Each structure stands twice: as structure tokens, then as C-alpha cells.
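Pasted below: data09.cif, mmCIF, C-alpha atoms.
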data_structure
loop_
_atom_site.label_atom_id
_atom_site.label_comp_id
_atom_site.auth_asym_id
_atom_site.auth_seq_id
_atom_site.Cartn_x
_atom_site.Cartn_y
_atom_site.Cartn_z
CA GLU L 1443 87.20 95.36 51.85
CA ASP L 1444 84.24 96.93 53.69
CA HIS L 1445 85.31 100.14 55.45
CA GLU L 1446 81.79 100.79 56.73
CA GLN L 1447 81.90 98.11 59.42
CA PRO L 1448 82.52 99.41 62.92
CA HIS L 1449 85.94 98.60 64.25
CA VAL L 1450 85.75 96.69 67.50
CA VAL L 1451 88.72 97.02 69.80
CA SER L 1452 89.12 94.97 72.93
CA ARG L 1453 90.18 97.21 75.79
CA GLY L 1454 91.82 94.30 77.54
CA LEU L 1455 90.28 95.24 80.87
CA GLY L 1456 88.54 91.97 81.54
CA GLY L 1457 89.84 88.59 82.41
CA GLY L 1458 89.01 85.04 83.18
CA VAL L 1459 89.89 82.06 85.28
CA ARG L 1460 89.67 78.30 84.75
CA ILE L 1461 89.95 75.84 87.61
CA VAL L 1462 90.29 72.08 87.34
CA MET L 1463 88.94 70.48 90.48
CA GLY L 1464 90.41 67.38 92.08
CA GLY L 1465 87.85 65.09 90.45
CA GLY L 1466 88.52 66.57 87.01
CA ARG L 1467 85.52 68.89 87.05
CA ARG L 1468 86.27 72.17 85.28
CA VAL L 1469 84.90 75.52 86.40
CA SER L 1470 85.45 78.80 84.59
CA ALA L 1471 84.33 82.39 84.78
CA ARG L 1472 84.97 85.53 82.75
CA ALA L 1473 84.49 89.19 83.50
CA ARG L 1474 84.17 91.44 80.48
CA ASP L 1475 85.28 94.52 82.39
CA ALA L 1476 87.28 94.54 85.59
CA VAL L 1477 86.13 96.51 88.62
CA GLY L 1478 87.75 99.92 88.29
CA SER L 1479 87.53 99.97 84.49
CA PRO L 1480 85.63 102.80 82.77
CA ASP L 1481 82.55 100.60 82.42
CA ARG L 1482 82.67 99.47 86.08
CA PRO L 1483 84.17 102.42 87.98
CA LEU L 1484 85.09 102.24 91.63
CA SER L 1485 82.83 103.95 94.12
CA ARG L 1486 84.31 106.89 96.01
CA ALA L 1487 84.83 104.68 99.08
CA GLN L 1488 86.55 101.97 97.00
CA LEU L 1489 88.76 104.60 95.36
CA VAL L 1490 89.82 106.01 98.74
CA ASP L 1491 90.48 102.51 100.10
CA LYS L 1492 92.61 101.67 97.06
CA PHE L 1493 94.53 104.94 97.41
CA VAL L 1494 95.15 104.31 101.12
CA ASP L 1495 96.39 100.80 100.35
CA CYS L 1496 98.73 102.04 97.60
CA VAL L 1497 100.10 104.88 99.76
CA GLY L 1498 100.70 102.38 102.55
CA ARG L 1499 102.90 100.32 100.19
CA ALA L 1500 104.85 103.26 98.74
CA ALA L 1501 108.63 103.67 99.09
CA ARG L 1502 107.80 106.25 101.77
CA PRO L 1503 104.51 104.93 103.17
CA LYS L 1504 102.07 107.16 105.01
CA PRO L 1505 99.76 106.11 107.85
CA ALA L 1506 96.20 105.31 106.80
CA ASP L 1507 94.71 108.38 108.52
CA GLU L 1508 97.08 110.72 106.63
CA ALA L 1509 96.40 108.91 103.37
CA ARG L 1510 92.61 109.25 103.87
CA LYS L 1511 92.97 112.99 104.50
CA LEU L 1512 95.09 113.32 101.36
CA ALA L 1513 92.59 111.32 99.31
CA THR L 1514 89.74 113.54 100.52
CA ALA L 1515 91.74 116.65 99.61
CA ILE L 1516 92.58 115.29 96.14
CA LEU L 1517 88.98 114.32 95.45
CA GLY L 1518 87.86 117.80 96.50
CA LEU L 1519 90.30 119.74 94.31
CA ALA L 1520 87.63 120.62 91.75
CA ASP L 1521 85.67 122.48 94.43
CA CYS L 1522 88.69 124.08 96.10
CA ALA L 1523 88.74 127.87 95.74
CA ASP L 1524 92.39 128.22 96.87
CA VAL L 1525 94.69 125.28 96.23
CA GLY L 1526 97.57 127.23 97.79
CA ALA L 1527 95.76 127.30 101.13
CA LEU L 1528 95.18 123.56 100.85
CA LEU L 1529 98.89 122.93 100.29
CA SER L 1530 99.98 125.15 103.18
CA SER L 1531 97.80 123.38 105.75
#
Can you dump the structure from the file as C-alpha cells?
Amino acid sequence: EDHEQPHVVSRGLGGGVRIVMGGGRRVSARARDAVGSPDRPLSRAQLVDKFVDCVGRAARPKPADEARKLATAILGLADCADVGALLSS
């Protein structure tokens, strides 16, 4: 047994699709890494849009404008000097 070989682990973040057309023609495509995975991260705009969509589908949904404000605040936490002031506003 060779313990020097690198261990390859599939992250399971990709996927594929196969389609059989009406005439029997087969078409397939694979994506190694899904959009939003570590190797294909979402842009800031995509991340905010996804957050707004998720918040809009929550058990207690928020309007899109409120969700966008919240997303902006969350994304800015690293630069926030006083989180307490952020929470009280």
C-alpha cells in the first residue's frame, strides 16, 4: 500500500445533466464546481440577491428593501466599529 499518493476527495459540489431528445439524440453536460462553491464563489451582487430571495421565503419573510439593507449591514460587519450602534438603528 502506497501512503505517499495524494488522497483525492470529491467535494460533491458539481453536478451533471443528461437529456434524451425526442429523436433519441442524447445531450449531456457536467459542471465540476457549482456556482457558489469555494472554487466558483458568488459575486457580492449574487450573494445579496440570493440572501434577499432566501429572506423573502422565510417563515417570517421580509420585504426585499429591508433584506437588502440587512445584507449590506451583514457584509459590512468586518468594518463596523460599533456593532451595538448597528443593532440599535
Distance query Leu1512 in chain L at most 12 Å, all atoms listed in the file, self and fewer than 5 positions along chain excluded, as a ChimeraX atom specification: /L:1490-1491,1493-1494,1497,1504-1507,1517-1519,1528-1529,1531
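Shortest atom-to-atom contact with Ala1471 in chain L among L:Gly1458, L:Gly1526, L:Pro1503, L:Gly1498: L:Gly1458, counting all atoms listed in the file.
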Which residues match the PyMOL selection byres ((chain L and resi 1460) around 6) in the file above, as a ChimeraX atom specification? /L:1459,1461,1469-1470
Check the smallest atom-to-atom distance from each of L:Arg1468, L:Ser1479, L:Val1462, L:Arg1486 to Ile1516 in chain L using all atoms listed in the file, then report the winner. L:Arg1486
What is the CA of Ala1509 in chain L to CA of Leu1489 in chain L distance in Å? 11.9 Å
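Picture a line from CA of Ala1473 in chain L to CA of Lys1492 in chain L; it runs 20.1 Å.
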Between CA of Arg1510 in chain L and CA of Ser1485 in chain L, measure the distance and give it in Å to one decimal. 14.8 Å
Pick from L:Cys1496, L:Gly1457, L:Glu1508, L:Gly1464: nearest to Val1477 in chain L, with only C-alpha atoms counted? L:Gly1457
Might I get the box with edges along x, y and z of the file that holds all atoms of range 1515-1526 of chain L listed there, padded by 5 Å on every side, given as centre and edge lengths in Å to one decimal, as AutoDock Vina command-line options?
--center_x 91.6 --center_y 121.3 --center_z 95.7 --size_x 21.9 --size_y 23.9 --size_z 17.9
